[in-house]
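See structure below.
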Amino acid sequence: MAIRVLGTKLGMSQVFSETGERIPVTLVEAGPLTVVQVKTASKDGYDALQLGYGQRKTSFKSKPLQGHFKKAGVRPTRALRETRVTADEAGQYKPGDRITVDQVFSKGDRIDVMGTSKGRGFAGVMKRHNFRGKNATHGTHEAKRHGGSIGMHTEPGKVWKGQGMAGHYGAERVTVLDLEVVDVRPDENLLLIRGGVPGAPRSLVSIRTSVKSKKKAAKAG
């Protein structure tokens with residue numbers, strides 16, 4: 001199934017395999033998702049599901065969004081995302097249906113996780129771009145962690161685009177590829193993912209089937 005699951009990153013923990021291996025995992029409260037709208041190629045030009053996740057504490061200020069949820073007959077959700085599906089998959093759902101995590105993923109699946117990385121404020125070039133820095137001795141004073149010269153001679157006489165400099169670091173959309181689903185616990189809406197995923201605790205993440213696994217399957221087929 002090609003559905004992308006929305007969830008909340010809860011934090012990290014560890015589990016043990018049957019052989020006694022300690023596995024670091026990220027706990028994600030994934031779903032349940034509510035189908036808000038079903039889009040079809042004949043009506044909208046493509047097949048997709050519009051999915052809502054979580055519950056909002058306050059209603060939307062936007063009247064069009066209020067009407068959108070009212071038409072679907074569902075309560076306003078914390079997040080609203082669209083995911084492309086096949087025509088057969090789109091035909092299996094209608095507004096108001098619920099999708100749980102075990103309907104989409106199972107133990108051993110390979111997934112990609114997308115989220116917003118932690119914001120780390122204003123950072124220098126060593127932290128932000130992994131610059132080496134300058135000598136800490138031999139006459140170096142205030143420039144130990146500086147980036148060095150950023151300019152040019154008369155020709156071309158400018159700073160090139162993409163030059164690594166100090167600035168705002170983090171709070172960006174990050175995708176971690178090809179992670180493993182260690183366990184699925186549908187009674188708790190939990191997904192246990194090996195390793196770390198982007199974002200701070202309680203932040204929103206999006207989970208899809210790994211694009212690398214799709215390519216491998218296509219080559220094998």
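In the structure tokens, chains take the letters A, B, ... in the order shown, each chain's residues start at 1, and ligands count up from 1 in the order shown.
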Quiz item: Looking only at the backbone, which of the residues in range 48-98 of chain A does DSSP tag as alpha helix (DSSP H), as a count of residues only?
Solution: 14
Practice problem: Could you give me, as a ChimeraX atom specification, the residues within 6 Å of Pro95 in chain A, counting only C-alpha atoms and dropping anything in the same chain fewer than 4 positions from it? | Solution: /A:35-37,72
Practice problem: For CA of Lys134 in chain A and CA of His146 in chain A, determine how far apart the two atoms are, in Å to one decimal place. | Solution: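 CA of His146 in chain A lies at a distance of 7.1 Å from CA of Lys134 in chain A.
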Quiz item: If you count only C-alpha atoms, which residues fall within 12 Å of Leu80 in chain A, apart from same-chain ones fewer than 4 positions away, as a PyMOL selection string?
Solution: chain A and resi 4-7+33-37+49-56+60+65+68-69+75-76+204+206
Practice problem: Just list the residues in range 38-122 of chain A DSSP gives strand (DSSP E or B) on the backbone, as a PyMOL selection string. | Solution: chain A and resi 38-39+48-53+79-84+98-99+110-116+122
Using C-alpha atoms, can you export the residues from the last selection as a PDB file, in the first residue's frame?
ATOM      1  CA  VAL A  38     -11.016  10.820  -1.893  1.00  0.00           C
ATOM      2  CA  LYS A  39      -9.678  12.277  -5.150  1.00  0.00           C
ATOM      3  CA  ALA A  48      -5.187  10.442  -3.989  1.00  0.00           C
ATOM      4  CA  LEU A  49      -6.415  10.299  -0.426  1.00  0.00           C
ATOM      5  CA  GLN A  50      -6.576  13.348   1.801  1.00  0.00           C
ATOM      6  CA  LEU A  51      -5.840  12.138   5.318  1.00  0.00           C
ATOM      7  CA  GLY A  52      -6.272  13.809   8.687  1.00  0.00           C
ATOM      8  CA  TYR A  53      -4.325  12.951  11.817  1.00  0.00           C
ATOM      9  CA  ALA A  79      -2.708  17.766  10.412  1.00  0.00           C
ATOM     10  CA  LEU A  80      -4.062  17.309   6.905  1.00  0.00           C
ATOM     11  CA  ARG A  81      -1.940  15.681   4.207  1.00  0.00           C
ATOM     12  CA  GLU A  82      -2.515  14.223   0.770  1.00  0.00           C
ATOM     13  CA  THR A  83      -1.008  10.949  -0.437  1.00  0.00           C
ATOM     14  CA  ARG A  84      -1.045   9.582  -3.975  1.00  0.00           C
ATOM     15  CA  ARG A  98     -10.153   5.156   9.480  1.00  0.00           C
ATOM     16  CA  ILE A  99      -6.757   3.709   8.583  1.00  0.00           C
ATOM     17  CA  ARG A 110      11.732  -0.687   5.047  1.00  0.00           C
ATOM     18  CA  ILE A 111      10.521   2.908   5.373  1.00  0.00           C
ATOM     19  CA  ASP A 112      11.501   6.553   4.892  1.00  0.00           C
ATOM     20  CA  VAL A 113      10.720   9.071   7.643  1.00  0.00           C
ATOM     21  CA  MET A 114      10.249  12.791   7.001  1.00  0.00           C
ATOM     22  CA  GLY A 115      10.170  15.467   9.686  1.00  0.00           C
ATOM     23  CA  THR A 116      11.393  18.907  10.720  1.00  0.00           C
ATOM     24  CA  PHE A 122      22.428  30.822  14.990  1.00  0.00           C
TER      25      PHE A 122
END
Quiz item: Between CA of Tyr169 in chain A and CA of Glu142 in chain A, what is the spacing in Å?
Solution: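 A separation of 22.3 Å between them.
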Self-check item: Exercise: Lys144 in chain A partners within 12 Å, only C-alpha atoms, chain neighbours under 5 positions left out, as a PyMOL selection string
Solution: chain A and resi 124-126+131-139
Pull C-alpha atoms from the residues just selected and write them as a CSV table (one decimal), in the first residue's frame.
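Here's the written file result-v9.csv:
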chain,number,residue,atom,x,y,z
A,124,GLY,CA,29.0,29.1,13.2
A,125,VAL,CA,30.6,27.4,10.2
A,126,MET,CA,32.2,24.6,12.2
A,131,PHE,CA,34.5,23.3,8.8
A,132,ARG,CA,37.9,22.4,10.2
A,133,GLY,CA,38.6,25.7,11.7
A,134,LYS,CA,42.1,27.3,12.1
A,135,ASN,CA,45.1,26.5,14.2
A,136,ALA,CA,44.6,26.9,18.0
A,137,THR,CA,48.2,27.9,18.4
A,138,HIS,CA,51.1,29.5,16.3
A,139,GLY,CA,49.8,33.0,16.5
Exercise. Could you give me, as an MDAnalysis selection string, the residues within 9 Å of Thr86 in chain A, counting only C-alpha atoms and dropping anything in the same chain fewer than 2 positions from it?
Key: chainID A and resid 1:2 46:48 84 88:91
Written file, previous selection with C-alpha atoms, as an mmCIF file, in the first residue's frame:
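The resulting file, out32.cif, is shown below:
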data_model
loop_
_atom_site.group_PDB
_atom_site.id
_atom_site.type_symbol
_atom_site.label_atom_id
_atom_site.label_comp_id
_atom_site.auth_asym_id
_atom_site.auth_seq_id
_atom_site.Cartn_x
_atom_site.Cartn_y
_atom_site.Cartn_z
ATOM 1 C CA MET A 1 0.000 0.000 0.000
ATOM 2 C CA ALA A 2 1.345 3.444 -0.992
ATOM 3 C CA TYR A 46 -5.255 12.150 -10.244
ATOM 4 C CA ASP A 47 -5.953 9.525 -7.592
ATOM 5 C CA ALA A 48 -5.187 10.442 -3.989
ATOM 6 C CA ARG A 84 -1.045 9.582 -3.975
ATOM 7 C CA ASP A 88 -7.931 0.601 -6.984
ATOM 8 C CA GLU A 89 -6.751 1.818 -3.572
ATOM 9 C CA ALA A 90 -8.726 5.054 -3.855
ATOM 10 C CA GLY A 91 -11.869 3.043 -4.595
#
